[in-house]
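entry.txt (compact mmCIF, C-alpha atoms)
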```
# COMPACT_ATOMS: atom_id res chain seq x y z
CA MET I 1 -38.53 -109.14 -174.72
CA SER I 2 -40.18 -111.80 -172.61
CA PRO I 3 -40.49 -115.27 -174.18
CA PRO I 4 -44.30 -114.98 -174.51
CA TYR I 5 -43.75 -111.84 -176.56
CA MET I 6 -41.16 -113.54 -178.75
CA ILE I 7 -43.45 -116.48 -179.48
CA THR I 8 -46.07 -114.27 -181.06
CA SER I 9 -43.59 -111.87 -182.60
CA ASP I 10 -43.27 -112.16 -186.35
CA GLU I 11 -40.98 -109.17 -186.31
CA SER I 12 -38.03 -110.84 -184.60
CA LEU I 13 -38.13 -113.77 -187.03
CA GLN I 14 -38.90 -111.72 -190.12
CA ILE I 15 -36.48 -112.56 -192.91
CA PRO I 16 -35.16 -109.44 -194.63
CA GLN I 17 -35.90 -109.22 -198.36
CA PHE I 18 -32.97 -110.56 -200.36
CA SER I 19 -31.35 -108.44 -203.05
CA GLU I 20 -32.49 -109.54 -206.51
CA GLY I 21 -31.20 -112.93 -207.59
CA TYR I 22 -30.26 -114.12 -204.07
CA ARG I 23 -32.12 -117.13 -202.66
CA LEU I 24 -31.98 -119.47 -199.66
CA ARG I 25 -32.42 -123.25 -200.05
CA PRO I 26 -31.28 -126.57 -198.50
CA ILE I 27 -27.75 -127.64 -199.40
CA GLU I 28 -27.44 -129.94 -202.46
CA LEU I 29 -24.75 -132.40 -203.56
CA ALA I 30 -23.91 -130.14 -206.52
CA ASP I 31 -23.02 -127.31 -204.10
CA TYR I 32 -19.61 -128.99 -203.83
CA LYS I 33 -18.80 -127.30 -207.14
CA ARG I 34 -20.70 -124.12 -206.28
CA GLY I 35 -18.39 -122.96 -203.50
CA ALA I 36 -20.01 -124.50 -200.40
CA LEU I 37 -16.58 -125.33 -198.95
CA ASP I 38 -15.03 -121.99 -199.91
CA VAL I 39 -17.70 -120.19 -197.90
CA LEU I 40 -16.85 -122.26 -194.81
CA LYS I 41 -13.21 -121.21 -195.17
CA ASN I 42 -14.39 -117.75 -194.08
CA LEU I 43 -15.22 -119.41 -190.73
CA THR I 44 -12.40 -121.86 -190.02
CA THR I 45 -10.18 -124.58 -191.52
CA VAL I 46 -12.10 -126.92 -193.80
CA GLY I 47 -9.36 -129.12 -195.21
CA ASP I 48 -9.17 -130.90 -198.54
CA ILE I 49 -12.62 -132.54 -198.72
CA SER I 50 -13.21 -134.74 -201.79
CA ARG I 51 -16.47 -134.75 -203.73
CA GLU I 52 -17.10 -138.25 -202.33
CA GLU I 53 -16.60 -137.14 -198.72
CA PHE I 54 -18.87 -134.13 -199.31
CA SER I 55 -21.58 -136.31 -200.92
CA GLU I 56 -21.38 -138.93 -198.17
CA LEU I 57 -21.91 -136.31 -195.44
CA VAL I 58 -24.69 -134.41 -197.24
CA LYS I 59 -26.48 -137.70 -197.98
CA MET I 60 -26.21 -138.69 -194.30
CA TRP I 61 -27.73 -135.29 -193.38
CA GLN I 62 -30.51 -135.89 -195.92
CA ARG I 63 -31.18 -139.36 -194.44
CA ASN I 64 -31.73 -137.67 -191.06
CA PRO I 65 -34.14 -134.81 -191.86
CA GLU I 66 -35.48 -134.75 -188.29
CA ILE I 67 -32.02 -133.83 -187.02
CA TYR I 68 -29.85 -132.12 -189.66
CA HIS I 69 -30.83 -129.00 -191.61
CA THR I 70 -28.12 -127.20 -193.60
CA TYR I 71 -29.09 -124.23 -195.75
CA VAL I 72 -27.20 -122.13 -198.26
CA ILE I 73 -27.76 -118.69 -199.77
CA MET I 74 -27.02 -118.58 -203.51
CA ASN I 75 -26.06 -115.36 -205.29
CA PRO I 76 -27.25 -114.34 -208.78
CA LEU I 77 -24.30 -116.25 -210.28
CA ASP I 78 -25.57 -119.46 -208.58
CA LYS I 79 -22.61 -119.47 -206.19
CA VAL I 80 -22.93 -120.39 -202.49
CA VAL I 81 -22.25 -117.15 -200.59
CA ALA I 82 -23.57 -118.13 -197.15
CA ILE I 83 -24.12 -121.39 -195.27
CA GLY I 84 -25.47 -122.43 -191.89
CA SER I 85 -26.99 -125.40 -190.08
CA ILE I 86 -29.47 -126.15 -187.34
CA ILE I 87 -29.35 -129.52 -185.57
CA ILE I 88 -32.63 -130.47 -183.88
CA GLU I 89 -32.01 -132.37 -180.63
CA ALA I 90 -34.83 -134.44 -179.08
CA LYS I 91 -34.61 -134.40 -175.27
CA LEU I 92 -36.49 -135.82 -172.28
CA ILE I 93 -36.61 -132.56 -170.31
CA HIS I 94 -39.47 -130.08 -170.82
CA HIS I 95 -41.88 -132.90 -171.70
CA CYS I 96 -39.76 -134.47 -174.47
CA GLY I 97 -38.80 -130.99 -175.67
CA LYS I 98 -36.62 -130.18 -178.65
CA VAL I 99 -33.69 -127.78 -178.83
CA GLY I 100 -32.22 -126.38 -182.04
CA HIS I 101 -28.44 -125.97 -182.21
CA ILE I 102 -27.30 -123.42 -184.80
CA GLU I 103 -23.85 -124.36 -186.13
CA ASP I 104 -21.23 -123.18 -188.60
CA ILE I 105 -22.64 -119.93 -189.93
CA ALA I 106 -20.43 -118.48 -192.64
CA VAL I 107 -20.84 -115.66 -195.19
CA ASN I 108 -18.42 -114.90 -198.03
CA SER I 109 -16.32 -111.87 -197.11
CA SER I 110 -17.08 -110.45 -200.57
CA GLU I 111 -20.82 -110.50 -199.72
CA GLN I 112 -20.69 -108.75 -196.35
CA GLY I 113 -23.13 -105.91 -195.67
CA LYS I 114 -26.09 -107.55 -197.44
CA ARG I 115 -27.61 -108.89 -194.20
CA LEU I 116 -27.18 -112.45 -195.50
CA GLY I 117 -26.01 -113.66 -192.08
CA LEU I 118 -28.99 -112.03 -190.39
CA SER I 119 -31.39 -113.56 -192.93
CA LEU I 120 -29.85 -117.00 -192.48
CA ILE I 121 -30.02 -116.85 -188.66
CA ARG I 122 -33.64 -115.69 -188.72
CA TYR I 123 -34.53 -118.45 -191.18
CA LEU I 124 -32.87 -121.09 -188.98
CA LEU I 125 -34.65 -119.70 -185.88
CA ALA I 126 -37.99 -119.93 -187.70
CA LEU I 127 -37.10 -123.48 -188.80
CA GLY I 128 -36.39 -124.38 -185.17
CA ARG I 129 -39.78 -123.04 -184.12
CA LYS I 130 -41.48 -124.87 -187.01
CA ASN I 131 -39.80 -128.09 -185.85
CA GLY I 132 -41.21 -127.68 -182.34
CA CYS I 133 -38.11 -126.44 -180.53
CA TYR I 134 -38.76 -124.66 -177.23
CA LYS I 135 -35.48 -122.80 -177.80
CA VAL I 136 -32.65 -122.44 -180.28
CA ILE I 137 -29.10 -122.00 -179.01
CA LEU I 138 -25.68 -121.37 -180.48
CA ASP I 139 -22.16 -120.79 -179.21
CA CYS I 140 -20.19 -117.79 -180.32
CA ASP I 141 -16.98 -115.92 -179.78
CA PRO I 142 -17.60 -112.97 -177.43
CA ALA I 143 -16.56 -110.74 -180.36
CA ASN I 144 -19.65 -111.89 -182.30
CA GLU I 145 -22.16 -111.42 -179.47
CA GLY I 146 -23.33 -108.09 -180.90
CA PHE I 147 -24.37 -109.69 -184.19
CA TYR I 148 -26.43 -112.37 -182.42
CA LEU I 149 -28.05 -109.80 -180.14
CA LYS I 150 -29.13 -108.00 -183.35
CA CYS I 151 -30.58 -111.34 -184.52
CA GLY I 152 -32.77 -111.39 -181.40
CA LEU I 153 -30.81 -113.86 -179.27
CA SER I 154 -29.66 -113.21 -175.72
CA ARG I 155 -26.71 -114.47 -173.71
CA ALA I 156 -27.56 -117.64 -171.76
CA GLY I 157 -24.35 -119.09 -170.34
CA TYR I 158 -20.80 -120.21 -171.02
CA GLU I 159 -19.62 -122.62 -173.70
CA MET I 160 -17.09 -125.06 -172.21
CA GLU I 161 -14.89 -127.26 -174.39
CA TYR I 162 -12.52 -130.21 -174.27
CA ARG I 163 -10.30 -130.42 -177.36
CA PHE I 164 -8.65 -133.63 -178.55
CA ILE I 165 -6.75 -131.88 -181.35
CA MET Q 166 -2.92 -128.21 -170.64
CA SER Q 167 -2.37 -127.84 -174.38
CA PRO Q 168 -4.61 -129.95 -176.63
CA PRO Q 169 -1.71 -132.22 -177.70
CA TYR Q 170 -1.16 -133.04 -174.03
CA MET Q 171 -4.85 -133.73 -173.49
CA ILE Q 172 -4.96 -136.12 -176.42
CA THR Q 173 -2.38 -138.42 -174.88
CA SER Q 174 -3.51 -137.82 -171.32
CA ASP Q 175 -5.29 -140.77 -169.77
CA GLU Q 176 -5.36 -138.85 -166.51
CA SER Q 177 -7.89 -136.21 -167.59
CA LEU Q 178 -10.26 -138.83 -168.98
CA GLN Q 179 -9.70 -141.37 -166.22
CA ILE Q 180 -13.01 -142.47 -164.76
CA PRO Q 181 -12.94 -142.50 -160.95
CA GLN Q 182 -13.65 -145.88 -159.39
CA PHE Q 183 -17.32 -146.17 -158.47
CA SER Q 184 -18.39 -147.02 -154.93
CA GLU Q 185 -19.42 -150.68 -154.69
CA GLY Q 186 -22.66 -151.50 -156.49
CA TYR Q 187 -22.69 -148.37 -158.69
CA ARG Q 188 -22.42 -148.86 -162.45
CA LEU Q 189 -22.69 -146.80 -165.65
CA ARG Q 190 -24.56 -148.10 -168.72
CA PRO Q 191 -26.67 -146.88 -171.68
CA ILE Q 192 -30.24 -145.87 -170.84
CA GLU Q 193 -32.87 -148.64 -171.21
CA LEU Q 194 -36.65 -148.55 -171.73
CA ALA Q 195 -37.13 -150.04 -168.24
CA ASP Q 196 -35.37 -147.02 -166.71
CA TYR Q 197 -38.74 -145.26 -166.93
CA LYS Q 198 -39.63 -147.17 -163.75
CA ARG Q 199 -36.16 -146.89 -162.27
CA GLY Q 200 -36.20 -143.15 -161.71
CA ALA Q 201 -34.68 -141.82 -164.96
CA LEU Q 202 -37.17 -138.92 -165.02
CA ASP Q 203 -36.86 -138.18 -161.30
CA VAL Q 204 -33.11 -137.65 -161.74
CA LEU Q 205 -33.73 -135.09 -164.49
CA LYS Q 206 -36.03 -133.17 -162.11
CA ASN Q 207 -32.83 -132.24 -160.23
CA LEU Q 208 -31.86 -130.32 -163.39
CA THR Q 209 -35.05 -128.68 -164.65
CA THR Q 210 -38.76 -129.21 -165.36
CA VAL Q 211 -39.46 -132.58 -166.95
CA GLY Q 212 -43.25 -132.66 -167.10
CA ASP Q 213 -45.61 -135.61 -166.98
CA ILE Q 214 -44.00 -137.97 -169.50
CA SER Q 215 -45.90 -141.22 -170.15
CA ARG Q 216 -44.19 -144.60 -170.49
CA GLU Q 217 -45.12 -144.50 -174.20
CA GLU Q 218 -43.53 -141.07 -174.73
CA PHE Q 219 -40.40 -142.21 -172.87
CA SER Q 220 -40.17 -145.41 -174.92
CA GLU Q 221 -40.73 -143.61 -178.21
CA LEU Q 222 -37.87 -141.16 -177.49
CA VAL Q 223 -35.42 -143.77 -176.18
CA LYS Q 224 -36.16 -146.01 -179.19
CA MET Q 225 -35.53 -143.06 -181.54
CA TRP Q 226 -32.19 -142.48 -179.76
CA GLN Q 227 -31.38 -146.20 -180.14
CA ARG Q 228 -32.23 -146.05 -183.87
CA ASN Q 229 -29.63 -143.27 -184.23
CA PRO Q 230 -26.55 -144.68 -182.45
CA GLU Q 231 -24.21 -142.50 -184.50
CA ILE Q 232 -25.82 -139.40 -183.02
CA TYR Q 233 -27.47 -140.01 -179.63
CA HIS Q 234 -25.76 -141.52 -176.59
CA THR Q 235 -27.54 -141.28 -173.23
CA TYR Q 236 -26.00 -142.97 -170.21
CA VAL Q 237 -27.21 -143.56 -166.66
CA ILE Q 238 -25.46 -144.41 -163.40
CA MET Q 239 -27.34 -147.02 -161.36
CA ASN Q 240 -26.98 -147.29 -157.58
CA PRO Q 241 -26.82 -150.58 -155.62
CA LEU Q 242 -30.65 -150.55 -155.40
CA ASP Q 243 -30.81 -150.51 -159.25
CA LYS Q 244 -32.14 -146.96 -159.24
CA VAL Q 245 -31.03 -144.31 -161.76
CA VAL Q 246 -29.05 -141.75 -159.75
CA ALA Q 247 -27.32 -139.87 -162.58
CA ILE Q 248 -27.99 -139.28 -166.26
CA GLY Q 249 -26.29 -137.49 -169.14
CA SER Q 250 -26.10 -137.44 -172.93
CA ILE Q 251 -23.65 -136.73 -175.70
CA ILE Q 252 -24.91 -135.90 -179.19
CA ILE Q 253 -22.35 -136.51 -181.94
CA GLU Q 254 -22.65 -133.91 -184.70
CA ALA Q 255 -21.09 -134.60 -188.12
CA LYS Q 256 -19.81 -131.37 -189.73
CA LEU Q 257 -18.09 -130.27 -192.93
CA ILE Q 258 -15.47 -128.09 -191.22
CA HIS Q 259 -12.16 -129.57 -190.03
CA HIS Q 260 -12.25 -132.17 -192.82
CA CYS Q 261 -15.71 -133.57 -192.06
CA GLY Q 262 -14.96 -133.33 -188.35
CA LYS Q 263 -17.25 -134.39 -185.53
CA VAL Q 264 -18.19 -132.45 -182.40
CA GLY Q 265 -19.72 -133.98 -179.28
CA HIS Q 266 -22.40 -131.97 -177.47
CA ILE Q 267 -22.82 -132.94 -173.81
CA GLU Q 268 -26.41 -132.31 -172.68
CA ASP Q 269 -28.65 -132.64 -169.65
CA ILE Q 270 -26.30 -133.85 -166.93
CA ALA Q 271 -28.17 -134.56 -163.71
CA VAL Q 272 -27.28 -136.27 -160.43
CA ASN Q 273 -29.72 -137.09 -157.64
CA SER Q 274 -29.30 -134.60 -154.81
CA SER Q 275 -29.26 -137.56 -152.38
CA GLU Q 276 -26.15 -138.93 -154.19
CA GLN Q 277 -24.03 -135.78 -154.24
CA GLY Q 278 -20.39 -136.00 -153.16
CA LYS Q 279 -19.74 -139.40 -154.80
CA ARG Q 280 -18.14 -137.86 -157.89
CA LEU Q 281 -20.88 -139.39 -160.05
CA GLY Q 282 -21.16 -136.22 -162.13
CA LEU Q 283 -17.39 -136.16 -162.68
CA SER Q 284 -17.38 -139.85 -163.67
CA LEU Q 285 -20.26 -139.31 -166.09
CA ILE Q 286 -18.63 -136.28 -167.76
CA ARG Q 287 -15.30 -138.08 -168.12
CA TYR Q 288 -17.05 -141.11 -169.60
CA LEU Q 289 -18.92 -138.93 -172.11
CA LEU Q 290 -15.69 -137.12 -173.03
CA ALA Q 291 -13.97 -140.47 -173.65
CA LEU Q 292 -16.97 -141.58 -175.71
CA GLY Q 293 -16.67 -138.42 -177.79
CA ARG Q 294 -13.00 -139.18 -178.45
CA LYS Q 295 -13.80 -142.82 -179.29
CA ASN Q 296 -16.40 -141.57 -181.79
CA GLY Q 297 -13.81 -139.42 -183.55
CA CYS Q 298 -14.79 -136.00 -182.20
CA TYR Q 299 -12.09 -133.32 -182.47
CA LYS Q 300 -13.73 -131.61 -179.49
CA VAL Q 301 -16.58 -132.01 -177.03
CA ILE Q 302 -18.52 -128.94 -175.92
CA LEU Q 303 -21.29 -128.13 -173.47
CA ASP Q 304 -23.14 -125.07 -172.27
CA CYS Q 305 -23.39 -124.29 -168.59
CA ASP Q 306 -24.57 -121.71 -166.13
CA PRO Q 307 -21.60 -119.56 -165.01
CA ALA Q 308 -22.27 -120.93 -161.50
CA ASN Q 309 -21.30 -124.43 -162.71
CA GLU Q 310 -18.12 -123.43 -164.54
CA GLY Q 311 -15.94 -124.57 -161.61
CA PHE Q 312 -17.25 -128.13 -161.84
CA TYR Q 313 -16.53 -128.35 -165.56
CA LEU Q 314 -13.06 -126.88 -165.11
CA LYS Q 315 -12.45 -129.73 -162.62
CA CYS Q 316 -13.62 -132.14 -165.35
CA GLY Q 317 -10.85 -130.82 -167.60
CA LEU Q 318 -12.89 -128.49 -169.83
CA SER Q 319 -12.07 -124.85 -170.47
CA ARG Q 320 -14.21 -121.84 -171.29
CA ALA Q 321 -14.59 -121.36 -175.05
CA GLY Q 322 -17.27 -118.72 -175.66
CA TYR Q 323 -20.79 -117.55 -174.95
CA GLU Q 324 -23.99 -119.54 -175.27
CA MET Q 325 -26.67 -117.43 -176.98
CA GLU Q 326 -30.33 -118.43 -176.96
CA TYR Q 327 -33.68 -117.62 -178.53
CA ARG Q 328 -36.60 -118.94 -176.48
CA PHE Q 329 -40.02 -119.65 -177.95
CA ILE Q 330 -41.57 -120.53 -174.59
```
Could you take the file, read its structure, and then write that structure out as structure tokens?
Amino acid sequence: MSPPYMITSDESLQIPQFSEGYRLRPIELADYKRGALDVLKNLTTVGDISREEFSELVKMWQRNPEIYHTYVIMNPLDKVVAIGSIIIEAKLIHHCGKVGHIEDIAVNSSEQGKRLGLSLIRYLLALGRKNGCYKVILDCDPANEGFYLKCGLSRAGYEMEYRFI
Amino acid sequence: MSPPYMITSDESLQIPQFSEGYRLRPIELADYKRGALDVLKNLTTVGDISREEFSELVKMWQRNPEIYHTYVIMNPLDKVVAIGSIIIEAKLIHHCGKVGHIEDIAVNSSEQGKRLGLSLIRYLLALGRKNGCYKVILDCDPANEGFYLKCGLSRAGYEMEYRFI
């Protein structure tokens, strides 16, 4: 698909219907007790984060609504079963253009197969477009490329890293 | 190099001595007239950005010093000859860890061969470490991987994108 096609395409950003009782919303302070951290453990190490540390970070995100957007998918039992973020970066290039960075997408292993990850990615892509981004990018393990191709993304380059720990 | 080595290694984050009269500093509003946009044209399309648009963006960056850090290298004629940014992202994973995103590195074609790009990258890496990042990442064209390997980075994964324009 050429970019002009994608811009006008509702299809590629259509959010699949959720199964009954599932809903997507911005993260809340109370999600600390609703499994927000447990979901992230499906992705990587999270560590022992206190309620205070969680609240401090979520409040900082909420104080910066032009930059940080973290969403969760709740199941019918009001438990966080998926989480993901998009960070909106304001640049000089492309006439003060904006780029969305999708980060830390995680879905509970017990909830796989319900297209929650796909729904979340498509929602974050639509949010990036709504916020005026000319593109949304993310970095992934080559093993996950297939999933992101299904979400409508294409490979753009290499992620390079410098680790301090 | 293993990460533990990198942490204690001054070598890999050592900033090469600049040629006389060259200096690195944070971007300023007055850099609009000192070639800040011309440098970025070495990287990609910039567009016709007014002084007001430039000032508005740089002031927004300055209002968010925990997130945005854009640096320039000035030549002896007080002209911007290199520019680059690091965006510090505060996450939940890795015990409320931080990741630095290096963005929009550009060096004037007329100033190539002076290791300005290398100096800038190493400075931004050191800034990421100083700001508590557990890693710094960037996305690059495969053709530029060699340069970033020289800067001490390693390949981590694929950059995936969704373009709206």
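In this model, the gap between CA of Cys133 in chain I and CA of Arg328 in chain Q comes to 8.7 Å.
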Can you give me chain I superposed onto chain Q, least-squares on all Cα in order, written as a tab-separated table (two decimals) with C-alpha atoms, in the frame of the given file?
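Saved the output as result-v7.tsv:
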```tsv
chain	number	residue	atom	x	y	z
I	1	MET	CA	-2.83	-128.10	-170.86
I	2	SER	CA	-2.26	-127.82	-174.58
I	3	PRO	CA	-4.51	-129.95	-176.82
I	4	PRO	CA	-1.62	-132.25	-177.85
I	5	TYR	CA	-1.08	-133.00	-174.17
I	6	MET	CA	-4.77	-133.69	-173.61
I	7	ILE	CA	-4.94	-136.12	-176.52
I	8	THR	CA	-2.35	-138.40	-174.99
I	9	SER	CA	-3.47	-137.82	-171.42
I	10	ASP	CA	-5.27	-140.75	-169.86
I	11	GLU	CA	-5.34	-138.87	-166.60
I	12	SER	CA	-7.82	-136.19	-167.63
I	13	LEU	CA	-10.26	-138.79	-168.96
I	14	GLN	CA	-9.71	-141.32	-166.19
I	15	ILE	CA	-13.03	-142.42	-164.73
I	16	PRO	CA	-12.95	-142.48	-160.93
I	17	GLN	CA	-13.67	-145.87	-159.35
I	18	PHE	CA	-17.34	-146.15	-158.46
I	19	SER	CA	-18.40	-147.03	-154.93
I	20	GLU	CA	-19.44	-150.68	-154.69
I	21	GLY	CA	-22.66	-151.52	-156.49
I	22	TYR	CA	-22.71	-148.38	-158.68
I	23	ARG	CA	-22.43	-148.85	-162.45
I	24	LEU	CA	-22.70	-146.80	-165.65
I	25	ARG	CA	-24.58	-148.10	-168.71
I	26	PRO	CA	-26.68	-146.87	-171.68
I	27	ILE	CA	-30.24	-145.87	-170.84
I	28	GLU	CA	-32.88	-148.64	-171.23
I	29	LEU	CA	-36.65	-148.55	-171.73
I	30	ALA	CA	-37.15	-150.04	-168.26
I	31	ASP	CA	-35.36	-147.03	-166.71
I	32	TYR	CA	-38.73	-145.27	-166.93
I	33	LYS	CA	-39.65	-147.18	-163.78
I	34	ARG	CA	-36.16	-146.90	-162.28
I	35	GLY	CA	-36.22	-143.14	-161.73
I	36	ALA	CA	-34.69	-141.82	-164.97
I	37	LEU	CA	-37.18	-138.92	-165.02
I	38	ASP	CA	-36.87	-138.19	-161.30
I	39	VAL	CA	-33.13	-137.67	-161.73
I	40	LEU	CA	-33.75	-135.10	-164.48
I	41	LYS	CA	-36.03	-133.19	-162.12
I	42	ASN	CA	-32.85	-132.27	-160.23
I	43	LEU	CA	-31.88	-130.33	-163.39
I	44	THR	CA	-35.07	-128.69	-164.66
I	45	THR	CA	-38.78	-129.22	-165.37
I	46	VAL	CA	-39.48	-132.59	-166.96
I	47	GLY	CA	-43.26	-132.66	-167.10
I	48	ASP	CA	-45.62	-135.62	-166.99
I	49	ILE	CA	-44.00	-137.98	-169.52
I	50	SER	CA	-45.91	-141.23	-170.15
I	51	ARG	CA	-44.20	-144.60	-170.50
I	52	GLU	CA	-45.12	-144.50	-174.21
I	53	GLU	CA	-43.54	-141.07	-174.74
I	54	PHE	CA	-40.41	-142.21	-172.87
I	55	SER	CA	-40.18	-145.43	-174.92
I	56	GLU	CA	-40.73	-143.61	-178.21
I	57	LEU	CA	-37.88	-141.16	-177.50
I	58	VAL	CA	-35.43	-143.78	-176.18
I	59	LYS	CA	-36.17	-146.01	-179.19
I	60	MET	CA	-35.54	-143.07	-181.54
I	61	TRP	CA	-32.20	-142.49	-179.76
I	62	GLN	CA	-31.39	-146.19	-180.14
I	63	ARG	CA	-32.24	-146.04	-183.87
I	64	ASN	CA	-29.64	-143.27	-184.21
I	65	PRO	CA	-26.57	-144.68	-182.42
I	66	GLU	CA	-24.20	-142.50	-184.47
I	67	ILE	CA	-25.81	-139.39	-183.01
I	68	TYR	CA	-27.48	-140.00	-179.63
I	69	HIS	CA	-25.77	-141.51	-176.58
I	70	THR	CA	-27.56	-141.28	-173.22
I	71	TYR	CA	-26.01	-142.97	-170.20
I	72	VAL	CA	-27.21	-143.56	-166.67
I	73	ILE	CA	-25.47	-144.41	-163.40
I	74	MET	CA	-27.36	-147.02	-161.36
I	75	ASN	CA	-26.99	-147.31	-157.59
I	76	PRO	CA	-26.84	-150.59	-155.63
I	77	LEU	CA	-30.65	-150.57	-155.42
I	78	ASP	CA	-30.83	-150.52	-159.26
I	79	LYS	CA	-32.16	-146.95	-159.25
I	80	VAL	CA	-31.04	-144.31	-161.77
I	81	VAL	CA	-29.06	-141.75	-159.74
I	82	ALA	CA	-27.33	-139.88	-162.57
I	83	ILE	CA	-28.00	-139.29	-166.26
I	84	GLY	CA	-26.29	-137.50	-169.13
I	85	SER	CA	-26.10	-137.45	-172.92
I	86	ILE	CA	-23.64	-136.73	-175.68
I	87	ILE	CA	-24.91	-135.89	-179.17
I	88	ILE	CA	-22.34	-136.51	-181.91
I	89	GLU	CA	-22.63	-133.91	-184.69
I	90	ALA	CA	-21.07	-134.60	-188.11
I	91	LYS	CA	-19.79	-131.38	-189.70
I	92	LEU	CA	-18.05	-130.27	-192.90
I	93	ILE	CA	-15.44	-128.09	-191.17
I	94	HIS	CA	-12.13	-129.58	-189.99
I	95	HIS	CA	-12.20	-132.18	-192.78
I	96	CYS	CA	-15.68	-133.57	-192.03
I	97	GLY	CA	-14.94	-133.33	-188.31
I	98	LYS	CA	-17.24	-134.40	-185.50
I	99	VAL	CA	-18.19	-132.46	-182.38
I	100	GLY	CA	-19.72	-133.98	-179.26
I	101	HIS	CA	-22.39	-131.97	-177.45
I	102	ILE	CA	-22.82	-132.94	-173.79
I	103	GLU	CA	-26.41	-132.31	-172.68
I	104	ASP	CA	-28.65	-132.64	-169.64
I	105	ILE	CA	-26.31	-133.86	-166.92
I	106	ALA	CA	-28.19	-134.56	-163.71
I	107	VAL	CA	-27.29	-136.30	-160.42
I	108	ASN	CA	-29.74	-137.12	-157.64
I	109	SER	CA	-29.31	-134.63	-154.81
I	110	SER	CA	-29.26	-137.57	-152.38
I	111	GLU	CA	-26.17	-138.95	-154.19
I	112	GLN	CA	-24.05	-135.79	-154.23
I	113	GLY	CA	-20.41	-136.02	-153.13
I	114	LYS	CA	-19.76	-139.41	-154.77
I	115	ARG	CA	-18.14	-137.87	-157.87
I	116	LEU	CA	-20.90	-139.40	-160.03
I	117	GLY	CA	-21.16	-136.22	-162.11
I	118	LEU	CA	-17.40	-136.16	-162.65
I	119	SER	CA	-17.39	-139.84	-163.64
I	120	LEU	CA	-20.26	-139.31	-166.07
I	121	ILE	CA	-18.62	-136.27	-167.73
I	122	ARG	CA	-15.30	-138.08	-168.10
I	123	TYR	CA	-17.06	-141.11	-169.57
I	124	LEU	CA	-18.93	-138.93	-172.09
I	125	LEU	CA	-15.68	-137.12	-173.01
I	126	ALA	CA	-13.98	-140.48	-173.62
I	127	LEU	CA	-17.00	-141.58	-175.68
I	128	GLY	CA	-16.67	-138.42	-177.78
I	129	ARG	CA	-13.01	-139.17	-178.41
I	130	LYS	CA	-13.82	-142.81	-179.24
I	131	ASN	CA	-16.40	-141.58	-181.75
I	132	GLY	CA	-13.81	-139.42	-183.52
I	133	CYS	CA	-14.78	-136.00	-182.17
I	134	TYR	CA	-12.09	-133.33	-182.44
I	135	LYS	CA	-13.74	-131.62	-179.46
I	136	VAL	CA	-16.59	-132.01	-177.00
I	137	ILE	CA	-18.53	-128.95	-175.90
I	138	LEU	CA	-21.29	-128.14	-173.46
I	139	ASP	CA	-23.14	-125.06	-172.25
I	140	CYS	CA	-23.39	-124.28	-168.58
I	141	ASP	CA	-24.57	-121.71	-166.12
I	142	PRO	CA	-21.61	-119.56	-165.00
I	143	ALA	CA	-22.26	-120.93	-161.49
I	144	ASN	CA	-21.30	-124.43	-162.70
I	145	GLU	CA	-18.11	-123.42	-164.52
I	146	GLY	CA	-15.94	-124.57	-161.60
I	147	PHE	CA	-17.27	-128.12	-161.81
I	148	TYR	CA	-16.53	-128.35	-165.55
I	149	LEU	CA	-13.06	-126.88	-165.08
I	150	LYS	CA	-12.46	-129.72	-162.58
I	151	CYS	CA	-13.64	-132.13	-165.31
I	152	GLY	CA	-10.87	-130.81	-167.56
I	153	LEU	CA	-12.89	-128.49	-169.80
I	154	SER	CA	-12.07	-124.85	-170.43
I	155	ARG	CA	-14.22	-121.84	-171.27
I	156	ALA	CA	-14.59	-121.35	-175.03
I	157	GLY	CA	-17.26	-118.72	-175.66
I	158	TYR	CA	-20.78	-117.55	-174.95
I	159	GLU	CA	-23.99	-119.55	-175.27
I	160	MET	CA	-26.66	-117.43	-176.98
I	161	GLU	CA	-30.33	-118.43	-176.98
I	162	TYR	CA	-33.67	-117.61	-178.55
I	163	ARG	CA	-36.60	-118.94	-176.52
I	164	PHE	CA	-40.04	-119.64	-177.98
I	165	ILE	CA	-41.55	-120.52	-174.60
```
query: Can you tell me how far CA of Gly84 in chain I sits from CA of Ile105 in chain I, in Å to one decimal?
result: 4.3 Å
Long-range neighbours of range 112-119 of chain I as a list in words, 10 Å cut-off, only C-alpha atoms, 4 positions minimum in chain: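 The filter keeps Leu13, Gln14, Ile15, Pro16, Gln17, Phe18, Ser19, Tyr22, Arg23, Leu24, Ile73, Val81, Ala82, Ile83, Gly84, Ile105, Ala106, Val107, Asn108, Tyr123, Leu124, Leu125, Phe147, Tyr148, Lys150, Cys151 and Gly152 of chain I.
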Mind listing as an mmCIF file with C-alpha atoms, keeping the file's coordinate frame all residues within 6 Å of (-28.1, -111.1, -208.7), counting all atoms listed in the file?
```cif
data_model
loop_
_atom_site.group_PDB
_atom_site.id
_atom_site.type_symbol
_atom_site.label_atom_id
_atom_site.label_comp_id
_atom_site.auth_asym_id
_atom_site.auth_seq_id
_atom_site.Cartn_x
_atom_site.Cartn_y
_atom_site.Cartn_z
ATOM 1 C CA GLU I 20 -32.490 -109.540 -206.510
ATOM 2 C CA GLY I 21 -31.200 -112.930 -207.590
ATOM 3 C CA TYR I 22 -30.260 -114.120 -204.070
ATOM 4 C CA ASN I 75 -26.060 -115.360 -205.290
ATOM 5 C CA PRO I 76 -27.250 -114.340 -208.780
#
```
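Taking CA of Asp38 in chain I and CA of Arg63 in chain I as the two end points, the separation is 24.3 Å.
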